[in-house]
$ cat work_20.tsv   # TSV, C-alpha atoms and all ligand atoms
chain	number	residue	atom	x	y	z
L	272	MET	CA	0.00	0.00	0.00
L	273	LEU	CA	2.91	2.34	0.72
L	274	TRP	CA	4.11	2.10	-2.87
L	275	ALA	CA	0.68	3.34	-4.06
L	276	VAL	CA	0.76	6.31	-1.72
L	277	GLY	CA	4.34	6.99	-2.82
L	278	ALA	CA	3.14	7.03	-6.42
L	279	GLY	CA	0.64	9.75	-5.53
L	280	ALA	CA	-2.44	7.55	-5.14
L	281	ASP	CA	-5.32	8.09	-2.78
L	282	VAL	CA	-6.08	4.79	-1.06
L	283	ILE	CA	-9.57	4.58	0.39
L	284	ILE	CA	-11.28	1.70	2.17
L	285	ILE	CA	-15.03	1.15	1.83
L	286	THR	CA	-16.26	-1.70	3.99
L	287	ASP	CA	-19.32	-3.07	5.77
L	288	SER	CA	-16.99	-3.89	8.65
L	289	PHE	CA	-16.27	-1.52	11.54
L	290	ASP	CA	-13.48	1.02	11.81
L	291	ILE	CA	-11.58	-0.55	14.73
L	292	SER	CA	-11.28	-3.76	12.73
L	293	VAL	CA	-9.91	-1.85	9.72
L	294	LYS	CA	-7.39	0.02	11.88
L	295	GLU	CA	-6.26	-3.23	13.52
L	296	VAL	CA	-5.70	-4.84	10.12
L	297	LEU	CA	-3.67	-1.81	9.01
L	298	GLU	CA	-1.60	-1.88	12.22
L	299	HIS	CA	-1.12	-5.64	11.95
L	300	ASN	CA	0.43	-5.00	8.53
L	301	GLY	CA	2.68	-2.25	9.84
L	302	LEU	CA	0.62	0.57	8.36
L	303	SER	CA	-0.58	3.64	10.21
L	304	GLU	CA	-4.08	4.93	9.76
L	305	GLY	CA	-2.60	8.00	8.06
L	306	VAL	CA	-1.54	5.90	5.06
L	307	VAL	CA	-5.11	5.72	3.80
L	308	SER	CA	-6.90	8.86	2.65
L	309	ALA	CA	-10.27	7.73	3.99
L	310	ILE	CA	-11.95	4.82	5.75
L	311	PHE	CA	-15.68	4.34	5.23
L	312	ALA	CA	-16.80	1.86	7.86
L	313	LYS	CA	-19.19	1.46	10.76
L	314	ARG	CA	-17.99	3.44	13.75
L	315	SER	CA	-16.95	1.45	16.78
L	316	HIS	CA	-15.21	1.87	20.14
L	317	TYR	CA	-14.09	-0.09	23.19
L	318	THR	CA	-15.76	0.53	26.55
L	319	GLU	CA	-13.71	0.96	29.74
L	320	GLN	CA	-14.50	-2.69	30.38
L	321	GLY	CA	-12.88	-3.58	27.10
L	322	GLU	CA	-16.07	-4.48	25.29
L	323	LEU	CA	-16.30	-3.66	21.62
L	324	VAL	CA	-19.32	-1.55	20.72
L	325	ILE	CA	-20.26	-1.19	17.07
L	326	GLU	CA	-22.22	2.00	16.67
L	327	GLY	CA	-23.74	1.19	13.32
L	328	GLU	CA	-23.93	3.24	10.22
L	329	MET	CA	-20.92	4.42	8.26
L	330	GLU	CA	-19.89	8.02	8.45
L	331	GLY	CA	-18.57	10.11	5.62
L	332	GLU	CA	-19.37	11.09	2.09
L	333	GLY	CA	-22.11	9.35	0.14
L	334	GLY	CA	-23.54	5.93	0.74
L	335	ARG	CA	-26.63	7.15	2.53
L	336	ARG	CA	-29.16	5.00	0.73
L	337	ARG	CA	-29.70	1.28	0.49
L	338	CYS	CA	-27.92	-0.29	-2.47
L	339	SER	CA	-30.33	-1.57	-5.08
L	340	PHE	CA	-27.75	-4.05	-6.41
L	341	SER	CA	-26.66	-5.70	-3.19
L	342	GLY	CA	-29.56	-4.83	-0.88
L	343	ARG	CA	-27.04	-3.68	1.74
L	344	PRO	CA	-27.89	-0.67	3.90
L	345	ARG	CA	-24.98	1.29	2.47
L	346	CYS	CA	-24.16	1.66	-1.20
L	347	LYS	CA	-20.44	1.35	-1.96
L	348	GLY	CA	-21.10	2.78	-5.42
L	349	ASP	CA	-22.51	5.95	-3.89
L	350	VAL	CA	-19.55	6.21	-1.52
L	351	LEU	CA	-17.06	5.82	-4.37
L	352	SER	CA	-18.89	8.30	-6.60
L	353	ALA	CA	-19.16	10.89	-3.84
L	354	TYR	CA	-15.51	10.52	-2.87
L	355	SER	CA	-14.10	10.68	-6.39
L	356	SER	CA	-16.41	13.48	-7.54
L	357	GLY	CA	-14.38	16.65	-8.05
L	358	ARG	CA	-11.08	14.80	-7.70
L	359	ASP	CA	-9.12	14.67	-10.92
L	360	TYR	CA	-7.82	11.10	-10.94
L	361	ASP	CA	-5.86	9.71	-13.88
L	362	PHE	CA	-7.66	6.42	-13.24
L	363	VAL	CA	-9.43	4.55	-10.46
L	364	CYS	CA	-8.74	0.98	-9.44
L	365	TYR	CA	-11.42	-0.77	-7.38
L	366	ALA	CA	-10.49	-4.05	-5.70
L	367	GLY	CA	-13.16	-6.11	-3.96
L	368	ASP	CA	-14.61	-9.57	-3.54
L	369	GLY	CA	-18.28	-9.53	-2.60
L	370	LYS	CA	-21.66	-8.98	-4.19
L	371	ASN	CA	-21.80	-5.59	-2.49
L	372	ASP	CA	-18.76	-4.46	-4.52
L	373	LEU	CA	-20.59	-4.72	-7.84
L	374	CYS	CA	-22.28	-1.35	-7.56
L	375	ALA	CA	-18.94	0.44	-7.15
L	376	CYS	CA	-17.54	-1.41	-10.17
L	377	LEU	CA	-20.50	-0.21	-12.24
L	378	ARG	CA	-19.45	3.37	-11.47
L	379	LEU	CA	-15.98	2.92	-12.99
L	380	ASP	CA	-15.13	4.84	-16.15
L	381	ALA	CA	-13.82	2.84	-19.09
L	382	CYS	CA	-12.78	5.99	-21.00
L	383	ARG	CA	-10.59	7.08	-18.10
L	384	GLY	CA	-8.95	3.65	-18.03
L	385	ASP	CA	-10.41	2.55	-14.70
L	386	LEU	CA	-9.75	-0.95	-13.49
L	387	ALA	CA	-12.08	-3.39	-11.72
L	388	MET	CA	-10.18	-5.95	-9.67
L	389	PRO	CA	-12.33	-8.80	-8.32
L	390	ARG	CA	-10.83	-11.45	-6.07
L	391	LYS	CA	-10.53	-14.67	-8.07
L	392	HIS	CA	-13.30	-17.25	-7.43
L	393	TRP	CA	-15.26	-14.87	-5.18
L	394	ALA	CA	-18.77	-13.54	-5.84
L	395	LEU	CA	-17.71	-10.29	-7.49
L	396	ALA	CA	-15.61	-12.10	-10.11
L	397	GLY	CA	-18.63	-14.11	-11.25
L	398	LEU	CA	-20.89	-11.06	-11.33
L	399	LEU	CA	-18.42	-9.11	-13.47
L	400	GLN	CA	-18.08	-12.04	-15.90
L	401	GLU	CA	-21.87	-12.14	-16.32
L	402	ARG	CA	-22.15	-8.41	-16.92
L	403	GLN	CA	-19.21	-7.87	-19.31
L	404	LEU	CA	-18.43	-4.30	-18.21
L	405	PRO	CA	-16.57	-2.01	-20.62
L	406	VAL	CA	-13.83	-1.40	-18.04
L	407	SER	CA	-10.74	-3.59	-17.78
L	408	VAL	CA	-11.19	-6.44	-15.32
L	409	VAL	CA	-8.17	-8.09	-13.70
L	410	GLU	CA	-8.68	-10.87	-11.16
L	411	TRP	CA	-6.35	-11.20	-8.18
L	412	GLU	CA	-5.46	-13.73	-5.53
L	413	ASN	CA	-2.95	-11.66	-3.58
L	414	GLY	CA	-1.89	-8.08	-3.06
L	415	ASP	CA	1.14	-8.41	-5.33
L	416	GLN	CA	-1.17	-8.93	-8.30
L	417	ILE	CA	-3.08	-5.77	-7.44
L	418	ARG	CA	0.19	-3.84	-7.18
L	419	GLU	CA	1.43	-5.20	-10.52
L	420	ALA	CA	-1.81	-4.31	-12.31
L	421	ILE	CA	-1.73	-0.75	-11.03
L	422	GLN	CA	1.98	-0.26	-11.59
L	423	SER	CA	1.66	-1.43	-15.20
L	424	ARG	CA	-0.74	1.50	-15.72
L	425	LEU	CA	1.63	3.99	-14.11
L	426	VAL	CA	4.38	3.21	-16.64
L	427	VAL	CA	3.16	4.71	-19.87
B	1	ZN	ZN	-25.22	0.56	-4.82

$ encode --input "work_20.tsv" --output "structure tokens" --more "lines below"
Ligand SMILES: [Zn+2]
Amino acid sequence: MLWAVGAGADVIIITDSFDISVKEVLEHNGLSEGVVSAIFAKRSHYTEQGELVIEGEMEGEGGRRRCSFSGRPRCKGDVLSAYSSGRDYDFVCYAGDGKNDLCACLRLDACRGDLAMPRKHWALAGLLQERQLPVSVVEWENGDQIREAIQSRLVV
């Protein structure tokens, strides 16, 4: 992830999980929260007794309505659209695995050279094969493959 930030990328995380979990995963991988530009997740905190409390709905830009593609309470497509609106990206790469990632992939822009990256053998990969989107689709099984796909676009 550091290489992407070093290359000038904004890395954002959009998840149905809760923010403490995301921060713990980042820390576990030696990354500070500051590495990512934004985390869209359910808010959570620990009580003085050490109990984890998940407060519920995600905070932040977009994603305020139920997603008509996945049926989830938050729409990842709306979150992605709201975040990238007004930001002049050379291209957007969206990596995901679940059914609830489809909506965000449908927002990608083929003319800009955006890239949909579904995890191989997971639900999103099958959904993208069925739909034949105009954007480039590259399946991945590990983070190195995501890095290689993005880096190949940076060298023009
Ligand atoms: Zn949606």

$ residues_around --input "work_20.tsv" --residues "Gln400 (chain L)" --least-positions-apart "5" --cutoff "12 Å" --atoms "only C-alpha atoms" --output "PDB file with C-alpha atoms, in the frame of the given file"
ATOM      1  CA  LEU L 373     -20.590  -4.720  -7.840  1.00  0.00           C
ATOM      2  CA  ALA L 387     -12.080  -3.390 -11.720  1.00  0.00           C
ATOM      3  CA  MET L 388     -10.180  -5.950  -9.670  1.00  0.00           C
ATOM      4  CA  PRO L 389     -12.330  -8.800  -8.320  1.00  0.00           C
ATOM      5  CA  LYS L 391     -10.530 -14.670  -8.070  1.00  0.00           C
ATOM      6  CA  HIS L 392     -13.300 -17.250  -7.430  1.00  0.00           C
ATOM      7  CA  TRP L 393     -15.260 -14.870  -5.180  1.00  0.00           C
ATOM      8  CA  ALA L 394     -18.770 -13.540  -5.840  1.00  0.00           C
ATOM      9  CA  LEU L 395     -17.710 -10.290  -7.490  1.00  0.00           C
ATOM     10  CA  PRO L 405     -16.570  -2.010 -20.620  1.00  0.00           C
ATOM     11  CA  VAL L 406     -13.830  -1.400 -18.040  1.00  0.00           C
ATOM     12  CA  SER L 407     -10.740  -3.590 -17.780  1.00  0.00           C
ATOM     13  CA  VAL L 408     -11.190  -6.440 -15.320  1.00  0.00           C
ATOM     14  CA  VAL L 409      -8.170  -8.090 -13.700  1.00  0.00           C
ATOM     15  CA  GLU L 410      -8.680 -10.870 -11.160  1.00  0.00           C
TER      16      GLU L 410
END

$ closest_residue --input "work_20.tsv" --among "L:Cys346, L:Ala420, L:Leu351, L:Val363" --to "ligand ZN 1 (chain B)" --atoms "all atoms listed in the file"
L:Cys346

$ residues_near_ligand --input "work_20.tsv" --ligand "ligand ZN 1 (chain B)" --cutoff "9 Å" --atoms "all atoms listed in the file" --output "MDAnalysis selection string"
chainID L and resid 334 336:343 345:350 371:375 377

$ atom_distance --input "work_20.tsv" --atom1 "CA of Trp411 (chain L)" --atom2 "CA of Ser423 (chain L)"
14.5 Å

$ closest_residue --input "work_20.tsv" --among "L:Arg378, L:His299, L:Arg418, L:Lys313" --to "Glu326 (chain L)" --atoms "all atoms listed in the file"
L:Lys313

$ atom_distance --input "work_20.tsv" --atom1 "CA of Asp361 (chain L)" --atom2 "CA of Arg383 (chain L)"
6.9 Å

$ closest_residue --input "work_20.tsv" --among "L:Asn413, L:Thr286, L:Gln403, L:Ser292" --to "Ile325 (chain L)" --atoms "only C-alpha atoms"
L:Ser292

$ residues_around --input "work_20.tsv" --residues "Asp290 (chain L)" --least-positions-apart "2" --cutoff "10 Å" --atoms "only C-alpha atoms" --output "PyMOL selection string"
chain L and resi 284+286-288+292-296+310-316+325+329

$ write_last_selection --input "work_20.tsv" --atoms "C-alpha atoms" --output "compact mmCIF listing (two decimals), in the coordinates of the input"
# COMPACT_ATOMS: atom_id res chain seq x y z
CA ILE L 284 -11.28 1.70 2.17
CA THR L 286 -16.26 -1.70 3.99
CA ASP L 287 -19.32 -3.07 5.77
CA SER L 288 -16.99 -3.89 8.65
CA SER L 292 -11.28 -3.76 12.73
CA VAL L 293 -9.91 -1.85 9.72
CA LYS L 294 -7.39 0.02 11.88
CA GLU L 295 -6.26 -3.23 13.52
CA VAL L 296 -5.70 -4.84 10.12
CA ILE L 310 -11.95 4.82 5.75
CA PHE L 311 -15.68 4.34 5.23
CA ALA L 312 -16.80 1.86 7.86
CA LYS L 313 -19.19 1.46 10.76
CA ARG L 314 -17.99 3.44 13.75
CA SER L 315 -16.95 1.45 16.78
CA HIS L 316 -15.21 1.87 20.14
CA ILE L 325 -20.26 -1.19 17.07
CA MET L 329 -20.92 4.42 8.26

$ atom_distance --input "work_20.tsv" --atom1 "CA of Leu273 (chain L)" --atom2 "CA of Val306 (chain L)"
7.2 Å

$ closest_residue --input "work_20.tsv" --among "L:Ile421, L:Ile291, L:Ala280, L:Val324" --to "Gly384 (chain L)" --atoms "all atoms listed in the file"
L:Ile421

$ closest_residue --input "work_20.tsv" --among "L:Leu297, L:Leu425, L:Cys382, L:Leu323" --to "Trp274 (chain L)" --atoms "only C-alpha atoms"
L:Leu425

$ closest_residue --input "work_20.tsv" --among "L:Gly397, L:Asp368, L:Phe362, L:Asp281" --to "Asp385 (chain L)" --atoms "only C-alpha atoms"
L:Phe362

$ axis_aligned_box --input "work_20.tsv" --around "region 301-308 of chain L" --padding-each-side "4 Å" --output "JSON"
{"center_x": -2.1, "center_y": 3.3, "center_z": 6.4, "size_x": 17.6, "size_y": 19.1, "size_z": 15.6}

$ decode --input "work_20.tsv" --residues "region 369-413 of chain L" --atoms "N, CA and C atoms" --output "compact mmCIF listing (two decimals), in the first residue's frame"
# COMPACT_ATOMS: atom_id res chain seq x y z
N GLY L 369 -16.90 -9.11 -2.86
CA GLY L 369 -18.28 -9.53 -2.60
C GLY L 369 -19.30 -8.94 -3.56
N LYS L 370 -20.53 -9.45 -3.41
CA LYS L 370 -21.66 -8.98 -4.19
C LYS L 370 -21.88 -7.48 -3.98
N ASN L 371 -21.57 -7.00 -2.78
CA ASN L 371 -21.80 -5.59 -2.49
C ASN L 371 -20.73 -4.68 -3.10
N ASP L 372 -19.76 -5.26 -3.81
CA ASP L 372 -18.76 -4.46 -4.52
C ASP L 372 -19.16 -4.19 -5.97
N LEU L 373 -20.19 -4.88 -6.44
CA LEU L 373 -20.59 -4.72 -7.84
C LEU L 373 -20.98 -3.29 -8.16
N CYS L 374 -21.77 -2.69 -7.29
CA CYS L 374 -22.28 -1.35 -7.56
C CYS L 374 -21.14 -0.36 -7.78
N ALA L 375 -20.09 -0.46 -6.98
CA ALA L 375 -18.94 0.44 -7.15
C ALA L 375 -18.26 0.17 -8.49
N CYS L 376 -18.17 -1.09 -8.89
CA CYS L 376 -17.54 -1.41 -10.17
C CYS L 376 -18.34 -0.84 -11.34
N LEU L 377 -19.66 -0.76 -11.18
CA LEU L 377 -20.50 -0.21 -12.24
C LEU L 377 -20.29 1.30 -12.40
N ARG L 378 -19.71 1.93 -11.40
CA ARG L 378 -19.45 3.37 -11.47
C ARG L 378 -18.10 3.68 -12.13
N LEU L 379 -17.30 2.67 -12.41
CA LEU L 379 -15.98 2.92 -12.99
C LEU L 379 -16.11 3.43 -14.42
N ASP L 380 -15.10 4.15 -14.87
CA ASP L 380 -15.13 4.84 -16.15
C ASP L 380 -14.14 4.21 -17.12
N ALA L 381 -14.68 3.53 -18.13
CA ALA L 381 -13.82 2.84 -19.09
C ALA L 381 -12.96 3.83 -19.88
N CYS L 382 -13.52 4.99 -20.21
CA CYS L 382 -12.78 5.99 -21.00
C CYS L 382 -11.57 6.51 -20.23
N ARG L 383 -11.70 6.59 -18.92
CA ARG L 383 -10.59 7.08 -18.10
C ARG L 383 -9.53 5.99 -17.90
N GLY L 384 -9.90 4.75 -18.23
CA GLY L 384 -8.95 3.65 -18.03
C GLY L 384 -9.05 3.03 -16.65
N ASP L 385 -10.23 3.14 -16.03
CA ASP L 385 -10.41 2.55 -14.70
C ASP L 385 -10.28 1.03 -14.76
N LEU L 386 -10.05 0.48 -13.59
CA LEU L 386 -9.75 -0.95 -13.49
C LEU L 386 -10.60 -1.57 -12.38
N ALA L 387 -11.34 -2.62 -12.73
CA ALA L 387 -12.08 -3.39 -11.72
C ALA L 387 -11.25 -4.62 -11.37
N MET L 388 -11.01 -4.82 -10.09
CA MET L 388 -10.18 -5.95 -9.67
C MET L 388 -10.93 -6.84 -8.68
N PRO L 389 -11.63 -7.87 -9.20
CA PRO L 389 -12.33 -8.80 -8.32
C PRO L 389 -11.39 -9.92 -7.83
N ARG L 390 -11.61 -10.34 -6.61
CA ARG L 390 -10.83 -11.45 -6.07
C ARG L 390 -11.25 -12.74 -6.78
N LYS L 391 -10.26 -13.47 -7.28
CA LYS L 391 -10.53 -14.67 -8.07
C LYS L 391 -11.39 -15.66 -7.30
N HIS L 392 -12.38 -16.23 -7.96
CA HIS L 392 -13.30 -17.25 -7.43
C HIS L 392 -14.31 -16.70 -6.43
N TRP L 393 -14.30 -15.44 -6.12
CA TRP L 393 -15.26 -14.87 -5.18
C TRP L 393 -16.45 -14.30 -5.96
N ALA L 394 -17.49 -13.93 -5.21
CA ALA L 394 -18.77 -13.54 -5.84
C ALA L 394 -18.62 -12.43 -6.87
N LEU L 395 -17.83 -11.42 -6.57
CA LEU L 395 -17.71 -10.29 -7.49
C LEU L 395 -17.16 -10.72 -8.85
N ALA L 396 -16.21 -11.64 -8.84
CA ALA L 396 -15.61 -12.10 -10.11
C ALA L 396 -16.68 -12.70 -11.02
N GLY L 397 -17.56 -13.51 -10.47
CA GLY L 397 -18.63 -14.11 -11.25
C GLY L 397 -19.61 -13.07 -11.76
N LEU L 398 -19.94 -12.12 -10.93
CA LEU L 398 -20.89 -11.06 -11.33
C LEU L 398 -20.33 -10.22 -12.47
N LEU L 399 -19.03 -9.93 -12.41
CA LEU L 399 -18.42 -9.11 -13.47
C LEU L 399 -18.33 -9.90 -14.78
N GLN L 400 -18.10 -11.22 -14.68
CA GLN L 400 -18.08 -12.04 -15.90
C GLN L 400 -19.45 -12.05 -16.57
N GLU L 401 -20.50 -12.13 -15.78
CA GLU L 401 -21.87 -12.14 -16.32
C GLU L 401 -22.19 -10.83 -17.03
N ARG L 402 -21.72 -9.72 -16.45
CA ARG L 402 -22.15 -8.41 -16.92
C ARG L 402 -21.29 -7.85 -18.05
N GLN L 403 -20.07 -8.35 -18.22
CA GLN L 403 -19.21 -7.87 -19.31
C GLN L 403 -19.11 -6.34 -19.33
N LEU L 404 -18.58 -5.76 -18.29
CA LEU L 404 -18.43 -4.30 -18.21
C LEU L 404 -17.42 -3.81 -19.23
N PRO L 405 -17.56 -2.55 -19.67
CA PRO L 405 -16.57 -2.01 -20.62
C PRO L 405 -15.21 -1.74 -19.99
N VAL L 406 -15.12 -1.67 -18.67
CA VAL L 406 -13.83 -1.40 -18.04
C VAL L 406 -12.96 -2.66 -18.03
N SER L 407 -11.66 -2.45 -17.91
CA SER L 407 -10.74 -3.59 -17.78
C SER L 407 -11.00 -4.30 -16.46
N VAL L 408 -10.99 -5.63 -16.52
CA VAL L 408 -11.19 -6.44 -15.32
C VAL L 408 -9.97 -7.34 -15.15
N VAL L 409 -9.34 -7.25 -14.00
CA VAL L 409 -8.17 -8.09 -13.70
C VAL L 409 -8.42 -8.79 -12.37
N GLU L 410 -8.45 -10.12 -12.40
CA GLU L 410 -8.68 -10.87 -11.16
C GLU L 410 -7.38 -10.98 -10.36
N TRP L 411 -7.53 -11.10 -9.05
CA TRP L 411 -6.35 -11.20 -8.18
C TRP L 411 -6.57 -12.26 -7.12
N GLU L 412 -5.43 -12.79 -6.65
CA GLU L 412 -5.46 -13.73 -5.53
C GLU L 412 -4.62 -13.22 -4.37
N ASN L 413 -3.76 -12.25 -4.66
CA ASN L 413 -2.95 -11.66 -3.58
C ASN L 413 -2.63 -10.20 -3.92
